[in-house]
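S.K.: File name run.pdb; file contents PDB, C-alpha atoms; full text below.
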```
ATOM      1  CA  MET I   1      -9.828 -10.862 -22.165  1.00  0.00           C
ATOM      2  CA  LEU I   2      -8.530  -8.028 -20.012  1.00  0.00           C
ATOM      3  CA  THR I   3      -9.518  -4.653 -21.452  1.00  0.00           C
ATOM      4  CA  SER I   4      -7.483  -1.509 -20.817  1.00  0.00           C
ATOM      5  CA  PHE I   5     -10.352  -0.101 -18.714  1.00  0.00           C
ATOM      6  CA  MET I   6     -10.437  -3.246 -16.560  1.00  0.00           C
ATOM      7  CA  LEU I   7      -6.666  -3.076 -16.083  1.00  0.00           C
ATOM      8  CA  LEU I   8      -6.850   0.641 -15.185  1.00  0.00           C
ATOM      9  CA  ASN I   9      -9.668  -0.077 -12.724  1.00  0.00           C
ATOM     10  CA  TYR I  10      -7.709  -2.980 -11.174  1.00  0.00           C
ATOM     11  CA  ILE I  11      -4.518  -0.933 -10.859  1.00  0.00           C
ATOM     12  CA  ASN I  12      -6.500   2.031  -9.515  1.00  0.00           C
ATOM     13  CA  SER I  13      -8.033  -0.189  -6.816  1.00  0.00           C
ATOM     14  CA  CYS I  14      -4.628  -1.583  -5.840  1.00  0.00           C
ATOM     15  CA  VAL I  15      -3.143   1.907  -5.695  1.00  0.00           C
ATOM     16  CA  TYR I  16      -6.115   3.094  -3.621  1.00  0.00           C
ATOM     17  CA  THR I  17      -5.556   0.296  -1.124  1.00  0.00           C
ATOM     18  CA  ALA I  18      -1.889   1.269  -0.867  1.00  0.00           C
ATOM     19  CA  PHE I  19      -2.800   4.914  -0.212  1.00  0.00           C
ATOM     20  CA  LEU I  20      -5.352   3.878   2.417  1.00  0.00           C
ATOM     21  CA  ALA I  21      -2.723   1.764   4.155  1.00  0.00           C
ATOM     22  CA  LEU I  22      -0.114   4.534   3.991  1.00  0.00           C
ATOM     23  CA  ASN I  23      -2.562   7.056   5.377  1.00  0.00           C
ATOM     24  CA  GLY I  24      -3.734   4.693   8.113  1.00  0.00           C
ATOM     25  CA  ILE I  25      -0.228   3.856   9.283  1.00  0.00           C
ATOM     26  CA  THR I  26       1.039   7.428   9.231  1.00  0.00           C
ATOM     27  CA  GLU I  27      -2.038   8.822  10.963  1.00  0.00           C
ATOM     28  CA  ALA I  28      -1.888   6.101  13.615  1.00  0.00           C
ATOM     29  CA  PHE I  29       1.662   7.213  14.384  1.00  0.00           C
ATOM     30  CA  VAL I  30       0.696  10.888  14.496  1.00  0.00           C
ATOM     31  CA  TYR I  31      -2.283  10.341  16.778  1.00  0.00           C
ATOM     32  CA  GLY I  32      -0.157   8.033  18.930  1.00  0.00           C
ATOM     33  CA  VAL I  33       2.498  10.693  19.569  1.00  0.00           C
ATOM     34  CA  ALA I  34       0.414  13.888  19.502  1.00  0.00           C
ATOM     35  CA  ARG I  35       0.656  15.208  23.047  1.00  0.00           C
ATOM     36  CA  SER I  36      -1.206  18.476  23.055  1.00  0.00           C
ATOM     37  CA  GLY I  37      -4.548  19.852  22.026  1.00  0.00           C
ATOM     38  CA  LYS I  38      -2.640  22.246  19.786  1.00  0.00           C
ATOM     39  CA  ASP I  39      -1.147  19.317  17.844  1.00  0.00           C
ATOM     40  CA  VAL I  40      -4.514  17.608  17.480  1.00  0.00           C
ATOM     41  CA  GLY I  41      -6.022  20.926  16.349  1.00  0.00           C
ATOM     42  CA  LYS I  42      -3.363  21.300  13.634  1.00  0.00           C
ATOM     43  CA  ILE I  43      -4.082  17.768  12.477  1.00  0.00           C
ATOM     44  CA  GLY I  44      -7.799  18.589  12.343  1.00  0.00           C
ATOM     45  CA  ILE I  45      -7.119  21.717  10.282  1.00  0.00           C
ATOM     46  CA  ALA I  46      -4.959  19.725   7.858  1.00  0.00           C
ATOM     47  CA  HIS I  47      -7.732  17.156   7.487  1.00  0.00           C
ATOM     48  CA  ALA I  48     -10.303  19.904   6.875  1.00  0.00           C
ATOM     49  CA  VAL I  49      -8.129  21.420   4.135  1.00  0.00           C
ATOM     50  CA  VAL I  50      -7.714  18.010   2.512  1.00  0.00           C
ATOM     51  CA  GLY I  51     -11.480  17.478   2.770  1.00  0.00           C
ATOM     52  CA  GLY I  52     -11.984  20.764   0.942  1.00  0.00           C
ATOM     53  CA  ILE I  53      -9.560  19.716  -1.784  1.00  0.00           C
ATOM     54  CA  PHE I  54     -11.445  16.427  -2.136  1.00  0.00           C
ATOM     55  CA  ALA I  55     -14.757  18.315  -2.381  1.00  0.00           C
ATOM     56  CA  LEU I  56     -13.326  20.399  -5.219  1.00  0.00           C
ATOM     57  CA  LEU I  57     -11.697  17.513  -7.093  1.00  0.00           C
ATOM     58  CA  ALA I  58     -14.256  14.732  -6.767  1.00  0.00           C
ATOM     59  CA  PRO I  59     -17.155  16.167  -8.808  1.00  0.00           C
ATOM     60  CA  THR I  60     -14.931  16.932 -11.802  1.00  0.00           C
ATOM     61  CA  LEU I  61     -13.108  13.611 -11.675  1.00  0.00           C
ATOM     62  CA  VAL I  62     -16.346  11.639 -11.252  1.00  0.00           C
ATOM     63  CA  ARG I  63     -17.989  13.520 -14.126  1.00  0.00           C
ATOM     64  CA  ASN I  64     -15.019  12.811 -16.422  1.00  0.00           C
ATOM     65  CA  TYR I  65     -13.974   9.322 -15.283  1.00  0.00           C
ATOM     66  CA  GLY I  66     -16.839   7.851 -13.259  1.00  0.00           C
ATOM     67  CA  ALA I  67     -15.912   5.495 -10.444  1.00  0.00           C
ATOM     68  CA  VAL I  68     -12.226   5.596 -11.442  1.00  0.00           C
ATOM     69  CA  GLY I  69     -12.358   9.375 -10.921  1.00  0.00           C
ATOM     70  CA  LEU I  70     -13.801   8.951  -7.441  1.00  0.00           C
ATOM     71  CA  VAL I  71     -11.060   6.483  -6.533  1.00  0.00           C
ATOM     72  CA  THR I  72      -8.475   8.897  -7.941  1.00  0.00           C
ATOM     73  CA  ALA I  73      -9.872  11.769  -5.855  1.00  0.00           C
ATOM     74  CA  ASN I  74      -9.692   9.551  -2.770  1.00  0.00           C
ATOM     75  CA  CYS I  75      -6.088   8.571  -3.629  1.00  0.00           C
ATOM     76  CA  ILE I  76      -5.125  12.232  -3.839  1.00  0.00           C
ATOM     77  CA  SER I  77      -6.813  12.902  -0.494  1.00  0.00           C
ATOM     78  CA  MET I  78      -5.103   9.965   1.205  1.00  0.00           C
ATOM     79  CA  ALA I  79      -1.736  11.022  -0.277  1.00  0.00           C
ATOM     80  CA  LEU I  80      -2.163  14.569   1.066  1.00  0.00           C
ATOM     81  CA  ARG I  81      -3.180  13.325   4.514  1.00  0.00           C
ATOM     82  CA  ALA I  82      -0.224  10.937   4.582  1.00  0.00           C
ATOM     83  CA  ALA I  83       2.112  13.733   3.432  1.00  0.00           C
ATOM     84  CA  TYR I  84       0.980  15.887   6.345  1.00  0.00           C
ATOM     85  CA  SER I  85       1.460  12.977   8.748  1.00  0.00           C
ATOM     86  CA  ILE I  86       4.959  12.326   7.398  1.00  0.00           C
ATOM     87  CA  HIS I  87       5.755  16.029   7.772  1.00  0.00           C
ATOM     88  CA  TYR I  88       4.532  15.840  11.369  1.00  0.00           C
ATOM     89  CA  ALA I  89       6.643  12.719  11.994  1.00  0.00           C
ATOM     90  CA  THR I  90       9.732  14.422  10.561  1.00  0.00           C
ATOM     91  CA  ARG I  91       9.236  17.360  12.959  1.00  0.00           C
ATOM     92  CA  TYR I  92       8.554  14.957  15.831  1.00  0.00           C
ATOM     93  CA  PHE I  93      11.804  13.078  15.273  1.00  0.00           C
ATOM     94  CA  ALA I  94      13.733  16.360  14.886  1.00  0.00           C
ATOM     95  CA  LYS I  95      12.461  17.477  18.318  1.00  0.00           C
ATOM     96  CA  ALA I  96      13.646  14.145  19.725  1.00  0.00           C
ATOM     97  CA  GLY I  97      17.155  14.862  18.429  1.00  0.00           C
ATOM     98  CA  ARG I  98      16.993  12.593  15.379  1.00  0.00           C
ATOM     99  CA  ARG I  99      17.491  14.940  12.460  1.00  0.00           C
ATOM    100  CA  SER I 100      15.795  13.726   9.332  1.00  0.00           C
ATOM    101  CA  SER I 101      14.382  15.246   6.177  1.00  0.00           C
ATOM    102  CA  PHE I 102      10.961  14.578   4.705  1.00  0.00           C
ATOM    103  CA  ILE I 103      12.590  12.625   1.860  1.00  0.00           C
ATOM    104  CA  ARG I 104      14.690  10.525   4.250  1.00  0.00           C
ATOM    105  CA  THR I 105      11.605   9.750   6.359  1.00  0.00           C
ATOM    106  CA  VAL I 106       9.708   8.619   3.263  1.00  0.00           C
ATOM    107  CA  SER I 107      12.616   6.548   1.953  1.00  0.00           C
ATOM    108  CA  ARG I 108      12.880   4.720   5.284  1.00  0.00           C
ATOM    109  CA  MET I 109       9.180   3.802   5.005  1.00  0.00           C
ATOM    110  CA  LEU I 110       9.474   2.246   1.553  1.00  0.00           C
ATOM    111  CA  PRO I 111      10.018  -1.480   1.094  1.00  0.00           C
ATOM    112  CA  ASN I 112      13.329  -2.840  -0.149  1.00  0.00           C
ATOM    113  CA  ILE I 113      13.674  -2.621  -3.941  1.00  0.00           C
ATOM    114  CA  LEU I 114      14.004  -6.422  -4.152  1.00  0.00           C
ATOM    115  CA  VAL I 115      10.656  -6.815  -2.418  1.00  0.00           C
ATOM    116  CA  VAL I 116       8.975  -4.280  -4.717  1.00  0.00           C
ATOM    117  CA  THR I 117      10.469  -6.041  -7.741  1.00  0.00           C
ATOM    118  CA  ALA I 118       9.239  -9.395  -6.436  1.00  0.00           C
ATOM    119  CA  PHE I 119       5.713  -7.970  -6.022  1.00  0.00           C
ATOM    120  CA  VAL I 120       5.738  -6.590  -9.574  1.00  0.00           C
ATOM    121  CA  VAL I 121       7.040  -9.857 -11.035  1.00  0.00           C
ATOM    122  CA  SER I 122       4.468 -11.767  -8.978  1.00  0.00           C
ATOM    123  CA  PHE I 123       1.694  -9.538 -10.346  1.00  0.00           C
ATOM    124  CA  VAL I 124       2.835 -10.125 -13.929  1.00  0.00           C
ATOM    125  CA  VAL I 125       3.205 -13.891 -13.425  1.00  0.00           C
ATOM    126  CA  SER I 126      -0.263 -14.081 -11.814  1.00  0.00           C
ATOM    127  CA  ARG I 127      -1.873 -12.139 -14.668  1.00  0.00           C
ATOM    128  CA  LEU I 128      -0.134 -14.308 -17.254  1.00  0.00           C
ATOM    129  CA  SER I 129      -1.211 -17.411 -15.356  1.00  0.00           C
ATOM    130  CA  LYS I 130      -4.821 -16.266 -15.410  1.00  0.00           C
ATOM    131  CA  ILE I 131      -4.701 -15.606 -19.155  1.00  0.00           C
ATOM    132  CA  HIS I 132      -2.435 -18.409 -20.388  1.00  0.00           C
ATOM    133  CA  VAL I 133      -3.206 -21.117 -17.845  1.00  0.00           C
ATOM    134  CA  TYR I 134      -6.702 -20.642 -16.397  1.00  0.00           C
ATOM    135  CA  ASP I 135      -8.490 -18.934 -19.306  1.00  0.00           C
ATOM    136  CA  ALA I 136      -6.688 -21.021 -21.948  1.00  0.00           C
ATOM    137  CA  GLN I 137      -7.574 -24.287 -20.215  1.00  0.00           C
ATOM    138  CA  ILE I 138     -11.218 -23.259 -19.861  1.00  0.00           C
ATOM    139  CA  VAL I 139     -11.357 -22.421 -23.585  1.00  0.00           C
ATOM    140  CA  ALA I 140      -9.701 -25.790 -24.347  1.00  0.00           C
ATOM    141  CA  GLY I 141     -12.535 -27.514 -22.460  1.00  0.00           C
ATOM    142  CA  ILE I 142     -10.523 -28.551 -19.401  1.00  0.00           C
ATOM    143  CA  SER I 143     -12.441 -28.634 -16.121  1.00  0.00           C
ATOM    144  CA  TRP I 144     -12.510 -25.316 -14.269  1.00  0.00           C
ATOM    145  CA  ILE I 145     -11.367 -27.205 -11.150  1.00  0.00           C
ATOM    146  CA  ILE I 146      -8.156 -28.338 -12.829  1.00  0.00           C
ATOM    147  CA  ALA I 147      -7.648 -24.953 -14.478  1.00  0.00           C
ATOM    148  CA  GLY I 148      -8.295 -23.207 -11.159  1.00  0.00           C
ATOM    149  CA  ALA I 149      -5.951 -25.524  -9.273  1.00  0.00           C
ATOM    150  CA  ALA I 150      -3.138 -24.777 -11.747  1.00  0.00           C
ATOM    151  CA  HIS I 151      -3.716 -21.020 -11.434  1.00  0.00           C
ATOM    152  CA  ILE I 152      -3.966 -21.179  -7.628  1.00  0.00           C
ATOM    153  CA  THR I 153      -0.750 -23.215  -7.487  1.00  0.00           C
ATOM    154  CA  THR I 154       0.975 -20.455  -9.463  1.00  0.00           C
ATOM    155  CA  GLY I 155      -0.350 -17.918  -6.951  1.00  0.00           C
ATOM    156  CA  ILE I 156       0.864 -19.963  -3.981  1.00  0.00           C
ATOM    157  CA  ILE I 157       4.333 -20.240  -5.532  1.00  0.00           C
ATOM    158  CA  CYS I 158       4.363 -16.457  -6.029  1.00  0.00           C
ATOM    159  CA  VAL I 159       3.369 -15.872  -2.379  1.00  0.00           C
ATOM    160  CA  VAL I 160       6.102 -18.203  -1.136  1.00  0.00           C
ATOM    161  CA  ILE I 161       8.763 -16.556  -3.302  1.00  0.00           C
ATOM    162  CA  VAL I 162       7.722 -12.987  -2.393  1.00  0.00           C
ATOM    163  CA  SER I 163       7.503 -13.913   1.302  1.00  0.00           C
ATOM    164  CA  SER I 164      10.946 -15.506   1.183  1.00  0.00           C
ATOM    165  CA  ILE I 165      12.475 -12.455  -0.483  1.00  0.00           C
ATOM    166  CA  MET I 166      10.746 -10.202   2.037  1.00  0.00           C
ATOM    167  CA  TRP I 167      12.015 -12.360   4.927  1.00  0.00           C
ATOM    168  CA  VAL I 168      15.606 -12.027   3.709  1.00  0.00           C
ATOM    169  CA  ALA I 169      15.528  -8.398   2.507  1.00  0.00           C
ATOM    170  CA  GLU I 170      13.427  -6.703   5.190  1.00  0.00           C
ATOM    171  CA  LYS I 171      15.518  -6.975   8.354  1.00  0.00           C
ATOM    172  CA  ASP I 172      13.120  -4.827  10.441  1.00  0.00           C
ATOM    173  CA  ILE I 173      10.123  -7.020   9.635  1.00  0.00           C
ATOM    174  CA  LYS I 174      12.101 -10.167  10.390  1.00  0.00           C
ATOM    175  CA  SER I 175      13.260  -8.703  13.711  1.00  0.00           C
ATOM    176  CA  SER I 176       9.725  -7.609  14.641  1.00  0.00           C
ATOM    177  CA  ILE I 177       8.254 -11.016  13.832  1.00  0.00           C
ATOM    178  CA  MET I 178      10.948 -12.788  15.834  1.00  0.00           C
ATOM    179  CA  THR I 179      10.285 -10.481  18.808  1.00  0.00           C
ATOM    180  CA  LEU I 180       6.541 -11.161  18.615  1.00  0.00           C
ATOM    181  CA  VAL I 181       7.130 -14.916  18.461  1.00  0.00           C
ATOM    182  CA  LYS I 182       9.432 -14.769  21.505  1.00  0.00           C
ATOM    183  CA  ARG I 183       6.862 -12.745  23.467  1.00  0.00           C
ATOM    184  CA  LYS I 184       4.110 -15.182  22.508  1.00  0.00           C
ATOM    185  CA  ARG I 185       6.153 -18.112  23.824  1.00  0.00           C
ATOM    186  CA  GLU I 186       6.778 -16.411  27.165  1.00  0.00           C
TER     187      GLU I 186
END
```
As C-alpha coordinates, how would this structure be written, given the file I've shared?
M.R.:
Amino acid sequence: MLTSFMLLNYINSCVYTAFLALNGITEAFVYGVARSGKDVGKIGIAHAVVGGIFALLAPTLVRNYGAVGLVTANCISMALRAAYSIHYATRYFAKAGRRSSFIRTVSRMLPNILVVTAFVVSFVVSRLSKIHVYDAQIVAGISWIIAGAAHITTGIICVVIVSSIMWVAEKDIKSSIMTLVKRKRE
(Lines of atoms letter the chains of each structure in order from A and count residues from 1; the text may use other names and numbers.)
(Lines give C-alpha, C1' and ligand atoms only; values in the text may rest on other atoms or scores of the structure.)
Protein backbone atom coordinates (compact mmCIF):
# COMPACT_ATOMS: atom_id res chain seq x y z
CA MET A 1 0.00 0.00 0.00
CA LEU A 2 1.22 3.49 -0.84
CA THR A 3 1.75 5.55 2.31
CA SER A 4 1.50 9.34 2.31
CA PHE A 5 5.26 9.56 2.99
CA MET A 6 6.02 7.32 0.00
CA LEU A 7 3.75 9.42 -2.21
CA LEU A 8 5.37 12.65 -0.97
CA ASN A 9 8.83 11.18 -1.59
CA TYR A 10 7.81 10.02 -5.10
CA ILE A 11 6.28 13.38 -6.00
CA ASN A 12 9.28 15.20 -4.50
CA SER A 13 11.64 13.14 -6.68
CA CYS A 14 9.59 13.84 -9.80
CA VAL A 15 9.48 17.55 -9.01
CA TYR A 16 13.24 17.53 -8.36
CA THR A 17 13.87 15.97 -11.76
CA ALA A 18 11.71 18.65 -13.38
CA PHE A 19 13.66 21.42 -11.62
CA LEU A 20 16.97 19.84 -12.65
CA ALA A 21 15.80 19.71 -16.26
CA LEU A 22 14.52 23.30 -16.17
CA ASN A 23 17.77 24.52 -14.67
CA GLY A 24 19.87 22.53 -17.13
CA ILE A 25 18.01 23.79 -20.18
CA THR A 26 17.94 27.42 -19.09
CA GLU A 27 21.59 27.45 -18.05
CA ALA A 28 22.63 25.79 -21.31
CA PHE A 29 20.93 28.63 -23.16
CA VAL A 30 22.56 31.29 -20.98
CA TYR A 31 26.05 29.84 -21.31
CA GLY A 32 25.46 29.39 -25.04
CA VAL A 33 24.67 33.08 -25.60
CA ALA A 34 26.85 34.74 -22.94
CA ARG A 35 29.38 36.72 -24.94
CA SER A 36 31.47 38.57 -22.41
CA GLY A 37 33.44 37.87 -19.29
CA LYS A 38 31.16 40.36 -17.55
CA ASP A 39 28.11 38.21 -18.35
CA VAL A 40 29.81 35.03 -17.17
CA GLY A 41 30.89 36.85 -13.99
CA LYS A 42 27.29 37.90 -13.27
CA ILE A 43 26.17 34.32 -13.77
CA GLY A 44 28.88 33.16 -11.36
CA ILE A 45 27.76 35.70 -8.75
CA ALA A 46 24.14 34.57 -9.11
CA HIS A 47 25.21 30.96 -8.64
CA ALA A 48 27.25 31.88 -5.56
CA VAL A 49 24.25 33.65 -4.02
CA VAL A 50 22.05 30.64 -4.72
CA GLY A 51 24.73 28.39 -3.20
CA GLY A 52 24.63 30.53 -0.07
CA ILE A 53 20.85 30.26 0.09
CA PHE A 54 21.14 26.48 -0.25
CA ALA A 55 23.74 26.40 2.54
CA LEU A 56 21.33 28.26 4.81
CA LEU A 57 18.24 26.23 3.90
CA ALA A 58 19.58 22.69 3.67
CA PRO A 59 20.57 22.05 7.31
CA THR A 60 17.18 23.15 8.64
CA LEU A 61 15.20 21.27 6.01
CA VAL A 62 17.28 18.10 6.45
CA ARG A 63 16.94 18.28 10.24
CA ASN A 64 13.14 18.66 9.98
CA TYR A 65 12.35 16.46 6.96
CA GLY A 66 15.37 14.24 6.31
CA ALA A 67 16.06 13.30 2.71
CA VAL A 68 12.83 14.99 1.55
CA GLY A 69 14.18 18.22 3.06
CA LEU A 70 17.43 17.89 1.14
CA VAL A 71 15.54 17.34 -2.11
CA THR A 72 13.36 20.36 -1.30
CA ALA A 73 16.43 22.54 -0.67
CA ASN A 74 17.85 21.40 -4.01
CA CYS A 75 14.52 22.17 -5.74
CA ILE A 76 14.58 25.69 -4.34
CA SER A 77 18.18 26.13 -5.51
CA MET A 78 17.43 24.85 -9.01
CA ALA A 79 14.32 27.08 -9.20
CA LEU A 80 16.38 30.15 -8.23
CA ARG A 81 19.11 29.33 -10.74
CA ALA A 82 16.52 28.78 -13.47
CA ALA A 83 14.78 32.05 -12.53
CA TYR A 84 18.05 33.93 -12.97
CA SER A 85 18.64 32.21 -16.31
CA ILE A 86 15.13 33.10 -17.48
CA HIS A 87 15.71 36.70 -16.39
CA TYR A 88 18.95 36.70 -18.39
CA ALA A 89 17.15 35.23 -21.42
CA THR A 90 14.43 37.89 -21.20
CA ARG A 91 17.10 40.63 -21.23
CA TYR A 92 18.94 38.87 -24.06
CA PHE A 93 15.84 38.76 -26.25
CA ALA A 94 15.01 42.40 -25.41
CA LYS A 95 18.48 43.44 -26.64
CA ALA A 96 17.81 41.51 -29.85
CA GLY A 97 14.66 43.57 -30.41
CA ARG A 98 12.17 40.93 -29.25
CA ARG A 99 10.41 42.54 -26.32
CA SER A 100 9.20 40.02 -23.81
CA SER A 101 8.42 39.94 -20.12
CA PHE A 102 9.66 37.39 -17.62
CA ILE A 103 6.14 35.94 -17.39
CA ARG A 104 5.78 35.70 -21.17
CA THR A 105 9.17 33.97 -21.44
CA VAL A 106 8.14 31.43 -18.80
CA SER A 107 4.73 30.84 -20.38
CA ARG A 108 6.36 30.12 -23.75
CA MET A 109 8.54 27.47 -22.07
CA LEU A 110 5.63 25.57 -20.52
CA PRO A 111 4.06 22.60 -22.27
CA ASN A 112 0.58 22.81 -23.76
CA ILE A 113 -2.17 22.37 -21.15
CA LEU A 114 -3.45 19.27 -22.99
CA VAL A 115 -0.03 17.66 -22.67
CA VAL A 116 0.20 18.49 -18.96
CA THR A 117 -3.31 17.10 -18.44
CA ALA A 118 -2.37 13.94 -20.33
CA PHE A 119 0.72 13.49 -18.11
CA VAL A 120 -1.37 13.92 -14.95
CA VAL A 121 -4.04 11.50 -16.15
CA SER A 122 -1.31 9.05 -17.19
CA PHE A 123 0.24 9.28 -13.71
CA VAL A 124 -3.12 8.59 -12.05
CA VAL A 125 -3.93 5.70 -14.40
CA SER A 126 -0.47 4.17 -13.83
CA ARG A 127 -0.81 4.42 -10.05
CA LEU A 128 -4.28 2.89 -10.16
CA SER A 129 -2.99 0.14 -12.43
CA LYS A 130 -0.23 -0.68 -9.97
CA ILE A 131 -2.68 -0.85 -7.07
CA HIS A 132 -5.77 -2.36 -8.71
CA VAL A 133 -4.16 -4.49 -11.41
CA TYR A 134 -0.63 -5.51 -10.39
CA ASP A 135 -0.93 -5.56 -6.59
CA ALA A 136 -4.47 -6.99 -6.65
CA GLN A 137 -3.46 -9.82 -8.98
CA ILE A 138 -0.43 -10.67 -6.85
CA VAL A 139 -2.64 -10.82 -3.74
CA ALA A 140 -5.12 -13.01 -5.68
CA GLY A 141 -2.28 -15.46 -6.37
CA ILE A 142 -1.87 -14.70 -10.07
CA SER A 143 1.67 -15.02 -11.44
CA TRP A 144 3.75 -11.86 -11.12
CA ILE A 145 4.61 -12.24 -14.83
CA ILE A 146 0.96 -11.97 -15.85
CA ALA A 147 0.30 -9.21 -13.32
CA GLY A 148 3.41 -7.35 -14.50
CA ALA A 149 2.49 -7.76 -18.16
CA ALA A 150 -0.97 -6.26 -17.51
CA HIS A 151 0.54 -3.31 -15.64
CA ILE A 152 3.25 -2.76 -18.27
CA THR A 153 0.61 -2.87 -21.02
CA THR A 154 -1.27 -0.11 -19.19
CA GLY A 155 1.96 1.91 -19.07
CA ILE A 156 2.62 1.41 -22.78
CA ILE A 157 -0.91 2.55 -23.62
CA CYS A 158 -0.37 5.66 -21.47
CA VAL A 159 2.93 6.43 -23.25
CA VAL A 160 1.30 6.07 -26.67
CA ILE A 161 -1.63 8.32 -25.73
CA VAL A 162 0.57 11.01 -24.12
CA SER A 163 2.99 10.90 -27.07
CA SER A 164 0.12 11.22 -29.53
CA ILE A 165 -1.34 14.20 -27.69
CA MET A 166 2.10 15.79 -27.49
CA TRP A 167 2.65 15.20 -31.23
CA VAL A 168 -0.60 16.99 -32.07
CA ALA A 169 -0.49 19.76 -29.44
CA GLU A 170 3.19 20.72 -29.44
CA LYS A 171 3.80 22.19 -32.89
CA ASP A 172 7.39 23.27 -32.10
CA ILE A 173 8.42 19.77 -31.02
CA LYS A 174 6.80 18.24 -34.09
CA SER A 175 8.58 20.75 -36.34
CA SER A 176 11.94 20.13 -34.64
CA ILE A 177 11.61 16.36 -34.93
CA MET A 178 10.65 16.61 -38.60
CA THR A 179 13.67 18.86 -39.25
CA LEU A 180 15.99 16.41 -37.50
CA VAL A 181 14.58 13.49 -39.49
CA LYS A 182 15.06 15.39 -42.77
CA ARG A 183 18.66 16.25 -41.86
CA LYS A 184 19.36 12.64 -40.92
CA ARG A 185 18.12 11.44 -44.31
CA GLU A 186 20.34 13.89 -46.19
S.K.: Pick the closest to His87 in chain I from I:Val68, I:Val115, I:Met178, I:Ile43: which is it, counting all atoms listed in the file?
M.R.: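 Distance minimum relative to His87 in chain I lands on I:Ile43.
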S.K.: Find the residues near Thr26 in chain I: any atom within 8 Å, counting all atoms listed in the file, skip ones fewer than 5 places away on the same chain, and give them as a CSV table (one decimal) with C-alpha atoms, keeping the file's coordinate frame.
M.R.:
```
chain,number,residue,atom,x,y,z
I,82,ALA,CA,-0.2,10.9,4.6
I,85,SER,CA,1.5,13.0,8.7
I,86,ILE,CA,5.0,12.3,7.4
```
S.K.: Given the file above and the PyMOL selection byres ((chain I and resi 44) around 12), which residues are selected, and can you give them as number ranges by chain?
M.R.: I: 27, 30-31, 34, 37-43, 45-51, 81, 84-85
S.K.: Let me see the file: selected residues, C-alpha atoms, as an mmCIF file, in the coordinates of the input.
M.R.:
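That gives us selection-v7.cif:
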```cif
data_model
loop_
_atom_site.group_PDB
_atom_site.id
_atom_site.type_symbol
_atom_site.label_atom_id
_atom_site.label_comp_id
_atom_site.auth_asym_id
_atom_site.auth_seq_id
_atom_site.Cartn_x
_atom_site.Cartn_y
_atom_site.Cartn_z
ATOM 1 C CA GLU I 27 -2.038 8.822 10.963
ATOM 2 C CA VAL I 30 0.696 10.888 14.496
ATOM 3 C CA TYR I 31 -2.283 10.341 16.778
ATOM 4 C CA ALA I 34 0.414 13.888 19.502
ATOM 5 C CA GLY I 37 -4.548 19.852 22.026
ATOM 6 C CA LYS I 38 -2.640 22.246 19.786
ATOM 7 C CA ASP I 39 -1.147 19.317 17.844
ATOM 8 C CA VAL I 40 -4.514 17.608 17.480
ATOM 9 C CA GLY I 41 -6.022 20.926 16.349
ATOM 10 C CA LYS I 42 -3.363 21.300 13.634
ATOM 11 C CA ILE I 43 -4.082 17.768 12.477
ATOM 12 C CA ILE I 45 -7.119 21.717 10.282
ATOM 13 C CA ALA I 46 -4.959 19.725 7.858
ATOM 14 C CA HIS I 47 -7.732 17.156 7.487
ATOM 15 C CA ALA I 48 -10.303 19.904 6.875
ATOM 16 C CA VAL I 49 -8.129 21.420 4.135
ATOM 17 C CA VAL I 50 -7.714 18.010 2.512
ATOM 18 C CA GLY I 51 -11.480 17.478 2.770
ATOM 19 C CA ARG I 81 -3.180 13.325 4.514
ATOM 20 C CA TYR I 84 0.980 15.887 6.345
ATOM 21 C CA SER I 85 1.460 12.977 8.748
#
```
S.K.: Kindly extract all protein, DNA and RNA residues lying within 12 Å of the coordinates (10.8, -5.9, -5.9) given in the file, considering only C-alpha atoms, and supply them as a list in words.
M.R.: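 Answer for this query, in the requested form: Leu110, Pro111, Asn112, Ile113, Leu114, Val115, Val116, Thr117, Ala118, Phe119, Val120, Val121, Ser122, Phe123, Ile161, Val162, Ser163, Ser164, Ile165, Met166, Ala169 and Glu170 of chain I.
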S.K.: What's the separation between CA of Met78 in chain I and CA of Leu20 in chain I, in Å to one decimal place?
M.R.: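 Distance reported for this atom pair: 6.2 Å.
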S.K.: How many Å separate CA of Lys182 in chain I from CA of Ile25 in chain I?
M.R.: 24.3 Å
S.K.: Evaluate the PyMOL selection byres ((chain I and resi 151) around 8) here and jot the selected residues down as a list of chain:residue names.
M.R.: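 Applied to this file, the PyMOL selection byres ((chain I and resi 151) around 8) returns I:Ser126, I:Ser129, I:Lys130, I:Val133, I:Tyr134, I:Ala147, I:Gly148, I:Ala149, I:Ala150, I:Ile152, I:Thr153, I:Thr154, I:Gly155.
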S.K.: So how many Å separate CA of Tyr88 in chain I and CA of Gly24 in chain I, to one decimal?
M.R.: 14.3 Å
S.K.: Using all atoms listed in the file, which residues sit within 12 Å of Ile76 in chain I once same-chain residues fewer than 2 positions away are excluded, as a short mmCIF file (atom, residue, chain, number, x, y, z; two decimals) with C-alpha atoms, in the coordinates of the input?
M.R.:
```cif
data_model
loop_
_atom_site.label_atom_id
_atom_site.label_comp_id
_atom_site.auth_asym_id
_atom_site.auth_seq_id
_atom_site.Cartn_x
_atom_site.Cartn_y
_atom_site.Cartn_z
CA ASN I 12 -6.50 2.03 -9.52
CA VAL I 15 -3.14 1.91 -5.70
CA TYR I 16 -6.12 3.09 -3.62
CA ALA I 18 -1.89 1.27 -0.87
CA PHE I 19 -2.80 4.91 -0.21
CA LEU I 20 -5.35 3.88 2.42
CA ASN I 23 -2.56 7.06 5.38
CA VAL I 50 -7.71 18.01 2.51
CA GLY I 51 -11.48 17.48 2.77
CA GLY I 52 -11.98 20.76 0.94
CA ILE I 53 -9.56 19.72 -1.78
CA PHE I 54 -11.44 16.43 -2.14
CA ALA I 55 -14.76 18.32 -2.38
CA LEU I 56 -13.33 20.40 -5.22
CA LEU I 57 -11.70 17.51 -7.09
CA ALA I 58 -14.26 14.73 -6.77
CA LEU I 61 -13.11 13.61 -11.68
CA GLY I 69 -12.36 9.38 -10.92
CA LEU I 70 -13.80 8.95 -7.44
CA VAL I 71 -11.06 6.48 -6.53
CA THR I 72 -8.48 8.90 -7.94
CA ALA I 73 -9.87 11.77 -5.86
CA ASN I 74 -9.69 9.55 -2.77
CA MET I 78 -5.10 9.96 1.20
CA ALA I 79 -1.74 11.02 -0.28
CA LEU I 80 -2.16 14.57 1.07
CA ARG I 81 -3.18 13.32 4.51
CA ALA I 82 -0.22 10.94 4.58
CA ALA I 83 2.11 13.73 3.43
#
```
